[in-house]
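Written below as C-alpha cells is the structure these notes are about.
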Amino acid sequence: MEISEVRKRIQATIDRSKQRAVRRRARTDEASRAYSTFLDTIAVPLFRQVANVLKAEGYPFGVSMPSGSVKLSSDRNQQDSIELLFDSSGDAPIVVGHVTRSRGGRVIESEQPVGDPASLTENDVLAFLATELEPFVER
C-alpha cells in the first residue's frame with residue numbers, strides 16, 4: 001500500500017475524531033447547564049418534599065447535596081441512600097440514579113439511567129424515587 005494512501009486515511013480518522021470530540025464537548029456543556037438548572041428547580045426541592053413526607057410517616061430521611069448531586073439518605077443507616085448524579089462519560093450525557101442499600105452485612109448498589117437533564121420533569125423524578133424507596137419503607 002502506498003504511504004500516501006495510508007497517510008490520507010489516518011489523517012481523515014484524526015479529523016473525524018477531533019470533530020466528534022468538539023461535538024461531544026458542546027453536548028456535555030449544554031447538558032451540564034441543563035443539569036444544574038434541573039438540580040436547582042426540580043430535583044433538590046422534590047427530594048426535600050419526599051424527605052418531609054417520609055419523616056411525617058416515621059421514616060427519618062435527610063437530603064444532602066454532595067458536589068453536583070442530590071442525595072436522600074436514611075438517618076438510621078447512612079449507607080441507605082438514593083442519589084441523582086450527572087454522567088457525562090458516554091456519548092449522550094445523562095442523569096443517573098445511584099441506590100445503595102444495606103441488608104445485614106451486605107451492601108447492594110445499583111445504578112440506572114433516569115433521563116436527559118433537559119427533559120426530566122418532577123413526575124419523572126418522583127416516579128424514580130417512589131420505585132426505589134419501596135425496599136427502604138418495607139416493614
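Just so we're on the same page: first chain in the C-alpha cells is A, next is B, and so on; residues restart at 1 for each chain, and ligands are numbered from 1 in the order they show up.
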Neighbours of stretch 28-37 of chain A within 7 Å (only C-alpha atoms; same-chain residues fewer than 4 positions away dropped), as a short mmCIF file (atom, residue, chain, number, x, y, z; two decimals) with N, CA and C atoms, in the first residue's frame?
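That gives us around.cif:
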```cif
data_model
loop_
_atom_site.label_atom_id
_atom_site.label_comp_id
_atom_site.auth_asym_id
_atom_site.auth_seq_id
_atom_site.Cartn_x
_atom_site.Cartn_y
_atom_site.Cartn_z
N ARG A 24 -19.06 16.44 21.04
CA ARG A 24 -19.31 15.82 22.34
C ARG A 24 -19.13 16.83 23.47
N THR A 41 -34.09 23.53 40.31
CA THR A 41 -35.53 23.79 40.17
C THR A 41 -36.42 22.56 40.36
N SER A 88 -21.40 12.18 32.34
CA SER A 88 -21.04 12.69 31.03
C SER A 88 -20.00 11.80 30.35
N PRO A 93 -24.75 12.72 27.51
CA PRO A 93 -24.77 12.94 28.96
C PRO A 93 -26.17 12.64 29.52
N PRO A 117 -31.11 15.45 31.29
CA PRO A 117 -31.37 16.51 32.25
C PRO A 117 -32.24 17.64 31.69
N ALA A 118 -32.23 17.84 30.39
CA ALA A 118 -33.02 18.91 29.80
C ALA A 118 -34.50 18.57 29.72
#
```
Residues flagged helix (DSSP H, G or I) by DSSP in stretch 32-111 of chain A, as an MDAnalysis selection string: chainID A and resid 32:56
Output of the above residues as a PDB file, in the first residue's frame, restricted to C-alpha atoms:
```
ATOM      1  CA  SER A  32     -24.210  20.282  32.265  1.00  0.00           C
ATOM      2  CA  ARG A  33     -26.012  23.635  32.258  1.00  0.00           C
ATOM      3  CA  ALA A  34     -29.365  21.849  31.938  1.00  0.00           C
ATOM      4  CA  TYR A  35     -28.410  19.524  34.826  1.00  0.00           C
ATOM      5  CA  SER A  36     -27.560  22.470  37.075  1.00  0.00           C
ATOM      6  CA  THR A  37     -30.960  24.013  36.354  1.00  0.00           C
ATOM      7  CA  PHE A  38     -32.632  20.631  36.856  1.00  0.00           C
ATOM      8  CA  LEU A  39     -30.987  20.235  40.280  1.00  0.00           C
ATOM      9  CA  ASP A  40     -31.948  23.717  41.447  1.00  0.00           C
ATOM     10  CA  THR A  41     -35.526  23.785  40.174  1.00  0.00           C
ATOM     11  CA  ILE A  42     -36.707  20.175  40.224  1.00  0.00           C
ATOM     12  CA  ALA A  43     -34.518  17.586  41.956  1.00  0.00           C
ATOM     13  CA  VAL A  44     -33.487  19.322  45.196  1.00  0.00           C
ATOM     14  CA  PRO A  45     -36.954  20.734  46.009  1.00  0.00           C
ATOM     15  CA  LEU A  46     -38.598  17.382  45.236  1.00  0.00           C
ATOM     16  CA  PHE A  47     -36.056  15.408  47.299  1.00  0.00           C
ATOM     17  CA  ARG A  48     -36.769  17.765  50.212  1.00  0.00           C
ATOM     18  CA  GLN A  49     -40.523  17.259  49.837  1.00  0.00           C
ATOM     19  CA  VAL A  50     -40.063  13.479  49.772  1.00  0.00           C
ATOM     20  CA  ALA A  51     -37.835  13.622  52.875  1.00  0.00           C
ATOM     21  CA  ASN A  52     -40.502  15.658  54.708  1.00  0.00           C
ATOM     22  CA  VAL A  53     -43.230  13.178  53.785  1.00  0.00           C
ATOM     23  CA  LEU A  54     -41.045  10.243  54.842  1.00  0.00           C
ATOM     24  CA  LYS A  55     -40.297  11.895  58.215  1.00  0.00           C
ATOM     25  CA  ALA A  56     -44.005  12.525  58.771  1.00  0.00           C
TER      26      ALA A  56
END
```
Exercise: stretch 95-97 of chain A partners within 8 Å, only C-alpha atoms, chain neighbours under 2 positions left out, as a ChimeraX atom specification: /A:35,82-87,93,99,111-117
Take the residues from that selection and write them out as a PDB file, in the first residue's frame, keeping C-alpha atoms.
```
ATOM      1  CA  TYR A  35     -28.410  19.524  34.826  1.00  0.00           C
ATOM      2  CA  ILE A  82     -30.749   7.321  46.728  1.00  0.00           C
ATOM      3  CA  GLU A  83     -28.703   9.805  44.735  1.00  0.00           C
ATOM      4  CA  LEU A  84     -29.011  11.559  41.384  1.00  0.00           C
ATOM      5  CA  LEU A  85     -25.739  12.164  39.541  1.00  0.00           C
ATOM      6  CA  PHE A  86     -24.686  13.644  36.204  1.00  0.00           C
ATOM      7  CA  ASP A  87     -22.865  11.151  33.971  1.00  0.00           C
ATOM      8  CA  PRO A  93     -24.773  12.938  28.963  1.00  0.00           C
ATOM      9  CA  VAL A  99     -29.034   3.471  45.019  1.00  0.00           C
ATOM     10  CA  GLU A 111     -27.270   2.430  39.022  1.00  0.00           C
ATOM     11  CA  GLN A 112     -29.783   3.164  36.347  1.00  0.00           C
ATOM     12  CA  PRO A 113     -30.331   5.919  33.826  1.00  0.00           C
ATOM     13  CA  VAL A 114     -33.063   8.360  34.811  1.00  0.00           C
ATOM     14  CA  GLY A 115     -33.065  10.578  31.739  1.00  0.00           C
ATOM     15  CA  ASP A 116     -31.805  13.595  29.841  1.00  0.00           C
ATOM     16  CA  PRO A 117     -31.372  16.510  32.253  1.00  0.00           C
TER      17      PRO A 117
END
```
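Nearest residue to A:Phe61, choosing from A:Ser119, A:Asn77, A:Ser110, A:Ser4 and counting only C-alpha atoms: A:Asn77.
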Residue nearest A:Val137 among A:Ile10, A:Arg27, A:Glu57, A:Glu2 (counting only C-alpha atoms): A:Glu57
Selected residue of minimal separation from A:Val125 among A:Gly105, A:Val6, A:Lys18, A:Val70, counting only C-alpha atoms: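 Smallest distance to A:Val125 is found for A:Val70.
Residue nearest A:Ala92 within the list A:Thr131, A:Arg25, A:Pro60, A:Leu72: A:Arg25 [criterion: smallest interatomic distance, only C-alpha atoms].
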d(atom CA of A:Asp80, atom CA of A:Asp124) in Å: 21.3 Å
Picked from stretch 6-129 of chain A by DSSP as strand (DSSP E), as an MDAnalysis selection string: chainID A and resid 61:64 70:74 81:87 94:103 106:115
